[in-house]
$ cat query_36.csv   # CSV, N, CA and C atoms
chain,number,residue,atom,x,y,z
K,1,MET,N,-45.7,208.2,-120.8
K,1,MET,CA,-46.7,207.4,-121.5
K,1,MET,C,-46.8,208.0,-122.9
K,2,GLU,N,-47.0,207.1,-123.8
K,2,GLU,CA,-47.2,207.5,-125.2
K,2,GLU,C,-48.6,208.0,-125.4
K,3,THR,N,-48.8,208.9,-126.3
K,3,THR,CA,-50.1,209.4,-126.6
K,3,THR,C,-51.1,208.3,-127.0
K,4,SER,N,-50.6,207.3,-127.8
K,4,SER,CA,-51.5,206.2,-128.2
K,4,SER,C,-52.0,205.4,-127.0
K,5,THR,N,-51.1,205.2,-126.1
K,5,THR,CA,-51.5,204.5,-124.9
K,5,THR,C,-52.5,205.2,-124.1
K,6,ALA,N,-52.3,206.5,-123.9
K,6,ALA,CA,-53.3,207.4,-123.2
K,6,ALA,C,-54.6,207.3,-123.9
K,7,LEU,N,-54.6,207.4,-125.2
K,7,LEU,CA,-55.9,207.4,-126.0
K,7,LEU,C,-56.6,206.0,-125.8
K,8,THR,N,-55.9,204.9,-125.8
K,8,THR,CA,-56.5,203.6,-125.5
K,8,THR,C,-57.1,203.6,-124.1
K,9,SER,N,-56.4,204.1,-123.2
K,9,SER,CA,-56.9,204.1,-121.8
K,9,SER,C,-58.2,205.0,-121.7
K,10,LEU,N,-58.1,206.2,-122.3
K,10,LEU,CA,-59.3,207.1,-122.2
K,10,LEU,C,-60.5,206.5,-122.9
K,11,ALA,N,-60.2,205.8,-124.1
K,11,ALA,CA,-61.3,205.2,-124.8
K,11,ALA,C,-62.0,204.1,-124.0
K,12,ALA,N,-61.2,203.3,-123.3
K,12,ALA,CA,-61.7,202.3,-122.5
K,12,ALA,C,-62.6,202.8,-121.3
K,13,LEU,N,-62.2,203.9,-120.8
K,13,LEU,CA,-62.9,204.5,-119.7
K,13,LEU,C,-64.1,205.4,-120.1
K,14,ALA,N,-64.2,205.6,-121.4
K,14,ALA,CA,-65.3,206.5,-122.0
K,14,ALA,C,-66.6,205.7,-122.2
K,15,GLN,N,-66.9,204.9,-121.3
K,15,GLN,CA,-68.1,204.1,-121.4
K,15,GLN,C,-68.6,203.9,-120.0
K,16,GLU,N,-69.9,204.1,-119.7
K,16,GLU,CA,-70.4,204.1,-118.3
K,16,GLU,C,-70.1,202.9,-117.5
K,17,SER,N,-70.4,201.7,-118.1
K,17,SER,CA,-70.1,200.5,-117.3
K,17,SER,C,-68.7,200.2,-117.0
K,18,ARG,N,-67.8,200.5,-118.0
K,18,ARG,CA,-66.4,200.3,-117.8
K,18,ARG,C,-65.8,201.3,-116.8
K,19,LEU,N,-66.3,202.5,-116.8
K,19,LEU,CA,-65.9,203.5,-115.8
K,19,LEU,C,-66.3,203.0,-114.4
K,20,ALA,N,-67.5,202.5,-114.3
K,20,ALA,CA,-68.0,202.1,-113.0
K,20,ALA,C,-67.2,200.9,-112.5
K,21,VAL,N,-66.9,200.0,-113.4
K,21,VAL,CA,-66.0,198.8,-113.0
K,21,VAL,C,-64.7,199.3,-112.6
K,22,PHE,N,-64.1,200.2,-113.3
K,22,PHE,CA,-62.7,200.6,-112.9
K,22,PHE,C,-62.8,201.4,-111.6
K,23,ARG,N,-63.8,202.2,-111.4
K,23,ARG,CA,-63.9,203.0,-110.1
K,23,ARG,C,-64.1,202.0,-109.0
K,24,LEU,N,-64.9,201.0,-109.2
K,24,LEU,CA,-65.1,200.0,-108.1
K,24,LEU,C,-63.8,199.2,-107.8
K,25,LEU,N,-63.0,198.9,-108.8
K,25,LEU,CA,-61.8,198.2,-108.6
K,25,LEU,C,-60.8,199.1,-107.9
K,26,VAL,N,-60.8,200.4,-108.2
K,26,VAL,CA,-59.9,201.3,-107.5
K,26,VAL,C,-60.3,201.4,-106.0
K,27,GLN,N,-61.6,201.4,-105.7
K,27,GLN,CA,-62.1,201.4,-104.4
K,27,GLN,C,-61.7,200.1,-103.6
K,28,ALA,N,-61.7,199.0,-104.3
K,28,ALA,CA,-61.4,197.7,-103.7
K,28,ALA,C,-59.9,197.6,-103.4
K,29,GLY,N,-59.1,198.4,-104.0
K,29,GLY,CA,-57.6,198.4,-103.7
K,29,GLY,C,-56.9,197.2,-104.3
K,30,PRO,N,-55.7,196.9,-103.9
K,30,PRO,CA,-54.9,195.9,-104.5
K,30,PRO,C,-55.5,194.5,-104.4
K,31,ALA,N,-56.3,194.2,-103.4
K,31,ALA,CA,-56.9,192.9,-103.2
K,31,ALA,C,-57.8,192.6,-104.4
K,32,GLY,N,-58.5,193.6,-105.0
K,32,GLY,CA,-59.4,193.4,-106.1
K,32,GLY,C,-60.6,192.7,-105.7
K,33,LEU,N,-61.4,192.3,-106.8
K,33,LEU,CA,-62.7,191.6,-106.6
K,33,LEU,C,-62.8,190.5,-107.6
K,34,ALA,N,-63.6,189.5,-107.2
K,34,ALA,CA,-64.0,188.5,-108.2
K,34,ALA,C,-65.0,189.0,-109.2
K,35,ALA,N,-65.0,188.5,-110.4
K,35,ALA,CA,-66.0,189.0,-111.4
K,35,ALA,C,-67.4,188.9,-110.9
K,36,SER,N,-67.7,187.8,-110.1
K,36,SER,CA,-69.1,187.7,-109.6
K,36,SER,C,-69.4,188.9,-108.7
K,37,LYS,N,-68.5,189.3,-107.9
K,37,LYS,CA,-68.7,190.4,-106.9
K,37,LYS,C,-68.9,191.7,-107.7
K,38,ILE,N,-68.1,191.9,-108.8
K,38,ILE,CA,-68.2,193.1,-109.6
K,38,ILE,C,-69.6,193.1,-110.2
K,39,ALA,N,-70.0,192.0,-110.8
K,39,ALA,CA,-71.4,191.9,-111.5
K,39,ALA,C,-72.5,192.2,-110.5
K,40,GLU,N,-72.3,191.7,-109.3
K,40,GLU,CA,-73.4,191.9,-108.2
K,40,GLU,C,-73.4,193.3,-107.8
K,41,ALA,N,-72.3,193.9,-107.5
K,41,ALA,CA,-72.2,195.3,-107.0
K,41,ALA,C,-72.7,196.3,-108.0
K,42,LEU,N,-72.5,196.0,-109.3
K,42,LEU,CA,-72.9,197.0,-110.3
K,42,LEU,C,-74.1,196.6,-111.1
K,43,GLY,N,-74.6,195.4,-110.9
K,43,GLY,CA,-75.8,195.0,-111.6
K,43,GLY,C,-75.6,194.8,-113.1
K,44,ILE,N,-74.4,194.3,-113.5
K,44,ILE,CA,-74.0,194.1,-114.9
K,44,ILE,C,-74.1,192.5,-115.1
K,45,ALA,N,-74.8,192.2,-116.2
K,45,ALA,CA,-74.9,190.8,-116.6
K,45,ALA,C,-73.5,190.2,-116.9
K,46,PRO,N,-73.2,188.9,-116.5
K,46,PRO,CA,-71.9,188.3,-116.6
K,46,PRO,C,-71.3,188.4,-118.1
K,47,SER,N,-72.2,188.2,-119.1
K,47,SER,CA,-71.7,188.3,-120.5
K,47,SER,C,-71.2,189.7,-120.8
K,48,SER,N,-72.0,190.7,-120.4
K,48,SER,CA,-71.6,192.1,-120.6
K,48,SER,C,-70.3,192.4,-119.8
K,49,LEU,N,-70.2,192.0,-118.6
K,49,LEU,CA,-69.1,192.2,-117.7
K,49,LEU,C,-67.8,191.7,-118.4
K,50,SER,N,-67.9,190.5,-118.9
K,50,SER,CA,-66.7,189.9,-119.6
K,50,SER,C,-66.2,190.8,-120.7
K,51,PHE,N,-67.1,191.3,-121.5
K,51,PHE,CA,-66.7,192.2,-122.5
K,51,PHE,C,-66.0,193.5,-122.0
K,52,HIS,N,-66.6,194.1,-120.9
K,52,HIS,CA,-66.0,195.3,-120.3
K,52,HIS,C,-64.7,195.0,-119.7
K,53,LEU,N,-64.5,193.9,-119.0
K,53,LEU,CA,-63.3,193.5,-118.4
K,53,LEU,C,-62.2,193.3,-119.4
K,54,LYS,N,-62.6,192.7,-120.6
K,54,LYS,CA,-61.6,192.5,-121.6
K,54,LYS,C,-61.1,193.9,-122.2
K,55,GLU,N,-62.0,194.8,-122.3
K,55,GLU,CA,-61.6,196.1,-122.8
K,55,GLU,C,-60.7,196.9,-121.9
K,56,LEU,N,-61.0,196.8,-120.6
K,56,LEU,CA,-60.1,197.4,-119.6
K,56,LEU,C,-58.8,196.7,-119.5
K,57,ALA,N,-58.8,195.4,-119.6
K,57,ALA,CA,-57.5,194.7,-119.6
K,57,ALA,C,-56.7,195.0,-120.9
K,58,HIS,N,-57.3,195.1,-122.0
K,58,HIS,CA,-56.6,195.5,-123.3
K,58,HIS,C,-56.0,196.9,-123.1
K,59,ALA,N,-56.6,197.8,-122.4
K,59,ALA,CA,-56.0,199.1,-122.1
K,59,ALA,C,-55.0,199.1,-121.0
K,60,ASN,N,-54.8,197.9,-120.4
K,60,ASN,CA,-53.8,197.8,-119.3
K,60,ASN,C,-54.2,198.5,-118.1
K,61,LEU,N,-55.6,198.7,-117.9
K,61,LEU,CA,-56.1,199.4,-116.7
K,61,LEU,C,-56.4,198.5,-115.6
K,62,ILE,N,-56.6,197.2,-115.9
K,62,ILE,CA,-56.8,196.2,-114.9
K,62,ILE,C,-55.9,195.0,-115.1
K,63,ALA,N,-55.7,194.3,-114.0
K,63,ALA,CA,-55.0,193.0,-114.0
K,63,ALA,C,-55.9,191.9,-113.5
K,64,SER,N,-55.6,190.7,-113.8
K,64,SER,CA,-56.3,189.6,-113.3
K,64,SER,C,-55.4,188.5,-112.9
K,65,VAL,N,-55.9,187.7,-111.9
K,65,VAL,CA,-55.1,186.6,-111.3
K,65,VAL,C,-56.1,185.5,-111.0
K,66,LYS,N,-55.8,184.3,-111.3
K,66,LYS,CA,-56.6,183.1,-111.0
K,66,LYS,C,-56.5,182.8,-109.6
K,67,ALA,N,-57.6,182.6,-108.9
K,67,ALA,CA,-57.6,182.2,-107.5
K,67,ALA,C,-58.6,181.1,-107.3
K,68,GLY,N,-58.1,179.9,-107.3
K,68,GLY,CA,-59.0,178.7,-107.3
K,68,GLY,C,-59.9,178.7,-108.5
K,69,ARG,N,-61.2,178.7,-108.3
K,69,ARG,CA,-62.1,178.7,-109.4
K,69,ARG,C,-62.5,180.1,-109.9
K,70,SER,N,-62.0,181.1,-109.2
K,70,SER,CA,-62.4,182.5,-109.5
K,70,SER,C,-61.2,183.2,-110.2
K,71,ILE,N,-61.6,184.3,-110.8
K,71,ILE,CA,-60.6,185.2,-111.3
K,71,ILE,C,-60.8,186.5,-110.6
K,72,ILE,N,-59.7,187.0,-110.0
K,72,ILE,CA,-59.7,188.2,-109.2
K,72,ILE,C,-59.2,189.4,-110.1
K,73,TYR,N,-60.0,190.4,-110.2
K,73,TYR,CA,-59.6,191.6,-111.0
K,73,TYR,C,-59.2,192.7,-110.1
K,74,SER,N,-58.2,193.4,-110.5
K,74,SER,CA,-57.8,194.6,-109.7
K,74,SER,C,-57.3,195.7,-110.6
K,75,ALA,N,-57.4,196.9,-110.1
K,75,ALA,CA,-57.0,198.1,-110.9
K,75,ALA,C,-55.5,198.0,-111.0
K,76,ASN,N,-55.0,198.4,-112.2
K,76,ASN,CA,-53.5,198.6,-112.4
K,76,ASN,C,-53.2,200.0,-112.0
K,77,PHE,N,-52.8,200.2,-110.8
K,77,PHE,CA,-52.5,201.5,-110.3
K,77,PHE,C,-51.3,202.2,-111.0
K,78,ALA,N,-50.4,201.4,-111.4
K,78,ALA,CA,-49.2,202.0,-112.2
K,78,ALA,C,-49.7,202.6,-113.5
K,79,SER,N,-50.6,201.9,-114.2
K,79,SER,CA,-51.2,202.5,-115.4
K,79,SER,C,-52.1,203.7,-115.1
K,80,MET,N,-52.9,203.6,-114.1
K,80,MET,CA,-53.7,204.7,-113.7
K,80,MET,C,-52.9,206.0,-113.4
K,81,ASN,N,-51.8,205.8,-112.6
K,81,ASN,CA,-51.0,206.9,-112.2
K,81,ASN,C,-50.2,207.4,-113.4
K,82,GLY,N,-49.9,206.5,-114.3
K,82,GLY,CA,-49.2,207.0,-115.6
K,82,GLY,C,-50.1,207.8,-116.4
K,83,LEU,N,-51.4,207.5,-116.5
K,83,LEU,CA,-52.4,208.2,-117.2
K,83,LEU,C,-52.6,209.6,-116.6
K,84,LEU,N,-52.7,209.6,-115.3
K,84,LEU,CA,-52.9,210.9,-114.6
K,84,LEU,C,-51.7,211.8,-114.8
K,85,ALA,N,-50.5,211.2,-114.7
K,85,ALA,CA,-49.3,212.0,-115.0
K,85,ALA,C,-49.2,212.5,-116.4
K,86,PHE,N,-49.6,211.7,-117.4
K,86,PHE,CA,-49.7,212.2,-118.7
K,86,PHE,C,-50.7,213.3,-118.9
K,87,LEU,N,-51.8,213.2,-118.2
K,87,LEU,CA,-52.9,214.3,-118.3
K,87,LEU,C,-52.4,215.6,-117.7
K,88,THR,N,-51.6,215.5,-116.7
K,88,THR,CA,-51.2,216.7,-115.9
K,88,THR,C,-49.8,217.1,-116.2
K,89,GLN,N,-49.2,216.5,-117.1
K,89,GLN,CA,-47.8,216.9,-117.5
K,89,GLN,C,-47.8,218.3,-118.0
K,90,ASN,N,-46.9,219.1,-117.6
K,90,ASN,CA,-46.8,220.5,-118.0
K,90,ASN,C,-48.0,221.3,-117.5
K,91,CYS,N,-48.7,220.9,-116.5
K,91,CYS,CA,-49.9,221.6,-116.0
K,91,CYS,C,-49.5,222.9,-115.4
K,92,CYS,N,-50.3,223.9,-115.6
K,92,CYS,CA,-50.2,225.2,-115.0
K,92,CYS,C,-48.9,225.9,-115.4
K,93,GLY,N,-48.4,225.6,-116.6
K,93,GLY,CA,-47.2,226.3,-117.1
K,93,GLY,C,-46.0,226.2,-116.2
K,94,GLY,N,-45.9,225.0,-115.5
K,94,GLY,CA,-44.7,224.8,-114.7
K,94,GLY,C,-44.9,225.2,-113.3
K,95,ASN,N,-46.0,225.9,-113.0
K,95,ASN,CA,-46.2,226.3,-111.6
K,95,ASN,C,-46.9,225.2,-110.8
K,96,ALA,N,-46.8,225.3,-109.5
K,96,ALA,CA,-47.4,224.3,-108.6
K,96,ALA,C,-48.9,224.3,-108.8
K,97,CYS,N,-49.5,223.2,-109.0
K,97,CYS,CA,-50.9,223.1,-109.2
K,97,CYS,C,-51.6,222.5,-107.9
K,98,SER,N,-52.8,223.0,-107.7
K,98,SER,CA,-53.6,222.5,-106.6
K,98,SER,C,-55.0,222.6,-106.9
K,99,PRO,N,-55.8,221.6,-106.6
K,99,PRO,CA,-57.2,221.6,-106.9
K,99,PRO,C,-57.9,222.8,-106.2
K,100,VAL,N,-58.8,223.4,-106.8
K,100,VAL,CA,-59.5,224.5,-106.2
K,100,VAL,C,-60.9,224.1,-106.0
K,101,SER,N,-61.4,224.2,-104.7
K,101,SER,CA,-62.7,223.8,-104.4
K,101,SER,C,-63.4,225.0,-103.7
K,102,VAL,N,-64.5,225.4,-104.2
K,102,VAL,CA,-65.3,226.5,-103.6
K,102,VAL,C,-66.7,226.0,-103.3
K,103,SER,N,-67.1,226.1,-102.1
K,103,SER,CA,-68.5,225.8,-101.7
K,103,SER,C,-69.1,227.0,-101.3
K,104,LEU,N,-70.2,227.3,-101.9
K,104,LEU,CA,-71.0,228.5,-101.6
K,104,LEU,C,-72.4,228.2,-101.3
K,105,CYS,N,-72.9,228.8,-100.3
K,105,CYS,CA,-74.4,228.7,-100.0
K,105,CYS,C,-75.1,229.7,-100.9
K,106,VAL,N,-76.3,229.5,-101.2
K,106,VAL,CA,-77.0,230.4,-102.1
K,106,VAL,C,-77.0,231.8,-101.4
K,107,GLY,N,-76.7,232.8,-102.2
K,107,GLY,CA,-76.7,234.2,-101.7
K,107,GLY,C,-75.5,234.5,-100.9
K,108,GLN,N,-74.5,233.7,-100.7
K,108,GLN,CA,-73.3,234.0,-99.9
K,108,GLN,C,-72.2,234.4,-100.8
K,109,GLU,N,-71.4,235.4,-100.5
K,109,GLU,CA,-70.3,235.8,-101.2
K,109,GLU,C,-69.1,235.0,-100.9
K,110,PRO,N,-68.2,234.8,-101.8
K,110,PRO,CA,-66.9,234.0,-101.5
K,110,PRO,C,-66.1,234.8,-100.6
K,111,ALA,N,-65.3,234.1,-99.8
K,111,ALA,CA,-64.4,234.8,-98.8
K,111,ALA,C,-63.2,235.4,-99.6
K,112,PRO,N,-62.7,236.5,-99.1
K,112,PRO,CA,-61.6,237.2,-99.9
K,112,PRO,C,-60.3,236.4,-99.8

$ encode --input "query_36.csv" --output "structure tokens"
Amino acid sequence: METSTALTSLAALAQESRLAVFRLLVQAGPAGLAASKIAEALGIAPSSLSFHLKELAHANLIASVKAGRSIIYSANFASMNGLLAFLTQNCCGGNACSPVSVSLCVGQEPAP
């Protein structure tokens, strides 16, 4: 992925409503959701939603397909994975990376 493409994607996601829309579409999977279902789930006015969907589509983060009288939107998983790969390229100096998760109760010491 080119740096300019990554910047466009990150800029599109750097807004609360667009990030919420994208996360909802990721959760919906390849089947996607109609715009009316997205607006209902997130409480976004249709006019605002149209603007946000346009921005996400411009960044190639979502795709749309006409289904009867509705338009179904879905996450572009190839673009999402490309962005994740770009962000983690050369991670950890070439060593295997794994997420670290530590849950501690108050006053409890971490396990050795």

$ select_by_dssp --input "query_36.csv" --residues "chain K" --states "strand (DSSP E or B)" --output "JSON, numbers by chain"
{"K": [33, 34, 62, 63, 64, 65, 66, 67, 70, 71, 72, 73, 74, 75]}

$ write_last_selection --input "query_36.csv" --atoms "N, CA and C atoms" --output "PDB file, in the coordinates of the input"
ATOM      1  N   LEU K  33     -61.400 192.300-106.800  1.00  0.00           N
ATOM      2  CA  LEU K  33     -62.700 191.600-106.600  1.00  0.00           C
ATOM      3  C   LEU K  33     -62.800 190.500-107.600  1.00  0.00           C
ATOM      4  N   ALA K  34     -63.600 189.500-107.200  1.00  0.00           N
ATOM      5  CA  ALA K  34     -64.000 188.500-108.200  1.00  0.00           C
ATOM      6  C   ALA K  34     -65.000 189.000-109.200  1.00  0.00           C
ATOM      7  N   ILE K  62     -56.600 197.200-115.900  1.00  0.00           N
ATOM      8  CA  ILE K  62     -56.800 196.200-114.900  1.00  0.00           C
ATOM      9  C   ILE K  62     -55.900 195.000-115.100  1.00  0.00           C
ATOM     10  N   ALA K  63     -55.700 194.300-114.000  1.00  0.00           N
ATOM     11  CA  ALA K  63     -55.000 193.000-114.000  1.00  0.00           C
ATOM     12  C   ALA K  63     -55.900 191.900-113.500  1.00  0.00           C
ATOM     13  N   SER K  64     -55.600 190.700-113.800  1.00  0.00           N
ATOM     14  CA  SER K  64     -56.300 189.600-113.300  1.00  0.00           C
ATOM     15  C   SER K  64     -55.400 188.500-112.900  1.00  0.00           C
ATOM     16  N   VAL K  65     -55.900 187.700-111.900  1.00  0.00           N
ATOM     17  CA  VAL K  65     -55.100 186.600-111.300  1.00  0.00           C
ATOM     18  C   VAL K  65     -56.100 185.500-111.000  1.00  0.00           C
ATOM     19  N   LYS K  66     -55.800 184.300-111.300  1.00  0.00           N
ATOM     20  CA  LYS K  66     -56.600 183.100-111.000  1.00  0.00           C
ATOM     21  C   LYS K  66     -56.500 182.800-109.600  1.00  0.00           C
ATOM     22  N   ALA K  67     -57.600 182.600-108.900  1.00  0.00           N
ATOM     23  CA  ALA K  67     -57.600 182.200-107.500  1.00  0.00           C
ATOM     24  C   ALA K  67     -58.600 181.100-107.300  1.00  0.00           C
ATOM     25  N   SER K  70     -62.000 181.100-109.200  1.00  0.00           N
ATOM     26  CA  SER K  70     -62.400 182.500-109.500  1.00  0.00           C
ATOM     27  C   SER K  70     -61.200 183.200-110.200  1.00  0.00           C
ATOM     28  N   ILE K  71     -61.600 184.300-110.800  1.00  0.00           N
ATOM     29  CA  ILE K  71     -60.600 185.200-111.300  1.00  0.00           C
ATOM     30  C   ILE K  71     -60.800 186.500-110.600  1.00  0.00           C
ATOM     31  N   ILE K  72     -59.700 187.000-110.000  1.00  0.00           N
ATOM     32  CA  ILE K  72     -59.700 188.200-109.200  1.00  0.00           C
ATOM     33  C   ILE K  72     -59.200 189.400-110.100  1.00  0.00           C
ATOM     34  N   TYR K  73     -60.000 190.400-110.200  1.00  0.00           N
ATOM     35  CA  TYR K  73     -59.600 191.600-111.000  1.00  0.00           C
ATOM     36  C   TYR K  73     -59.200 192.700-110.100  1.00  0.00           C
ATOM     37  N   SER K  74     -58.200 193.400-110.500  1.00  0.00           N
ATOM     38  CA  SER K  74     -57.800 194.600-109.700  1.00  0.00           C
ATOM     39  C   SER K  74     -57.300 195.700-110.600  1.00  0.00           C
ATOM     40  N   ALA K  75     -57.400 196.900-110.100  1.00  0.00           N
ATOM     41  CA  ALA K  75     -57.000 198.100-110.900  1.00  0.00           C
ATOM     42  C   ALA K  75     -55.500 198.000-111.000  1.00  0.00           C
TER      43      ALA K  75
END

$ residues_around --input "query_36.csv" --residues "His52 in chain K" --least-positions-apart "5" --cutoff "7 Å" --atoms "all atoms listed in the file" --output "list in words"
Ser17, Arg18, Ser47 and Ala57 of chain K

$ write_last_selection --input "query_36.csv" --atoms "N, CA and C atoms" --output "tab-separated table (two decimals), in the coordinates of the input"
chain	number	residue	atom	x	y	z
K	17	SER	N	-70.40	201.70	-118.10
K	17	SER	CA	-70.10	200.50	-117.30
K	17	SER	C	-68.70	200.20	-117.00
K	18	ARG	N	-67.80	200.50	-118.00
K	18	ARG	CA	-66.40	200.30	-117.80
K	18	ARG	C	-65.80	201.30	-116.80
K	47	SER	N	-72.20	188.20	-119.10
K	47	SER	CA	-71.70	188.30	-120.50
K	47	SER	C	-71.20	189.70	-120.80
K	57	ALA	N	-58.80	195.40	-119.60
K	57	ALA	CA	-57.50	194.70	-119.60
K	57	ALA	C	-56.70	195.00	-120.90

$ closest_residue --input "query_36.csv" --among "K:Ala75, K:Ala14, K:Ala63, K:Ala35" --to "Ser48 in chain K" --atoms "only C-alpha atoms"
K:Ala35

$ residues_around --input "query_36.csv" --residues "Leu42 in chain K" --least-positions-apart "5" --cutoff "10 Å" --atoms "only C-alpha atoms" --output "list of chain:residue names"
K:Ser17, K:Ala20, K:Val21, K:Leu24, K:Lys37, K:Leu49

$ atom_distance --input "query_36.csv" --atom1 "atom N of Ser9 in chain K" --atom2 "atom C of Ala59 in chain K"
5.6 Å

$ atom_distance --input "query_36.csv" --atom1 "CA of His58 in chain K" --atom2 "CA of Asn90 in chain K"
27.4 Å

$ residues_around --input "query_36.csv" --residues "Ser74 in chain K" --least-positions-apart "2" --cutoff "6.5 Å" --atoms "all atoms listed in the file" --output "NGL selection string"
:K and (25-26 or 29-33 or 61-65 or 72 or 76-77)

$ write_last_selection --input "query_36.csv" --atoms "N, CA and C atoms" --output "short mmCIF file (atom, residue, chain, number, x, y, z; two decimals), keeping the file's coordinate frame"
data_model
loop_
_atom_site.label_atom_id
_atom_site.label_comp_id
_atom_site.auth_asym_id
_atom_site.auth_seq_id
_atom_site.Cartn_x
_atom_site.Cartn_y
_atom_site.Cartn_z
N LEU K 25 -63.00 198.90 -108.80
CA LEU K 25 -61.80 198.20 -108.60
C LEU K 25 -60.80 199.10 -107.90
N VAL K 26 -60.80 200.40 -108.20
CA VAL K 26 -59.90 201.30 -107.50
C VAL K 26 -60.30 201.40 -106.00
N GLY K 29 -59.10 198.40 -104.00
CA GLY K 29 -57.60 198.40 -103.70
C GLY K 29 -56.90 197.20 -104.30
N PRO K 30 -55.70 196.90 -103.90
CA PRO K 30 -54.90 195.90 -104.50
C PRO K 30 -55.50 194.50 -104.40
N ALA K 31 -56.30 194.20 -103.40
CA ALA K 31 -56.90 192.90 -103.20
C ALA K 31 -57.80 192.60 -104.40
N GLY K 32 -58.50 193.60 -105.00
CA GLY K 32 -59.40 193.40 -106.10
C GLY K 32 -60.60 192.70 -105.70
N LEU K 33 -61.40 192.30 -106.80
CA LEU K 33 -62.70 191.60 -106.60
C LEU K 33 -62.80 190.50 -107.60
N LEU K 61 -55.60 198.70 -117.90
CA LEU K 61 -56.10 199.40 -116.70
C LEU K 61 -56.40 198.50 -115.60
N ILE K 62 -56.60 197.20 -115.90
CA ILE K 62 -56.80 196.20 -114.90
C ILE K 62 -55.90 195.00 -115.10
N ALA K 63 -55.70 194.30 -114.00
CA ALA K 63 -55.00 193.00 -114.00
C ALA K 63 -55.90 191.90 -113.50
N SER K 64 -55.60 190.70 -113.80
CA SER K 64 -56.30 189.60 -113.30
C SER K 64 -55.40 188.50 -112.90
N VAL K 65 -55.90 187.70 -111.90
CA VAL K 65 -55.10 186.60 -111.30
C VAL K 65 -56.10 185.50 -111.00
N ILE K 72 -59.70 187.00 -110.00
CA ILE K 72 -59.70 188.20 -109.20
C ILE K 72 -59.20 189.40 -110.10
N ASN K 76 -55.00 198.40 -112.20
CA ASN K 76 -53.50 198.60 -112.40
C ASN K 76 -53.20 200.00 -112.00
N PHE K 77 -52.80 200.20 -110.80
CA PHE K 77 -52.50 201.50 -110.30
C PHE K 77 -51.30 202.20 -111.00
#

$ atom_distance --input "query_36.csv" --atom1 "CA of Ser79 in chain K" --atom2 "atom N of Asn60 in chain K"
7.7 Å

$ select_by_dssp --input "query_36.csv" --residues "chain K" --states "alpha helix (DSSP H)" --output "PyMOL selection string"
chain K and resi 3-13+16-28+35-42+46-58+77-88

$ closest_residue --input "query_36.csv" --among "K:Met1, K:Met80, K:Ile71, K:Leu87" --to "Ser36 in chain K" --atoms "only C-alpha atoms"
K:Ile71

$ residues_near_point --input "query_36.csv" --point "(-59.6, 209.2, -119.6)" --cutoff "10 Å" --atoms "only C-alpha atoms" --output "list in words"
Ala6, Leu7, Thr8, Ser9, Leu10, Ala11, Ala12, Leu13, Ala14, Leu19, Met80, Leu83, Leu84 and Leu87 of chain K
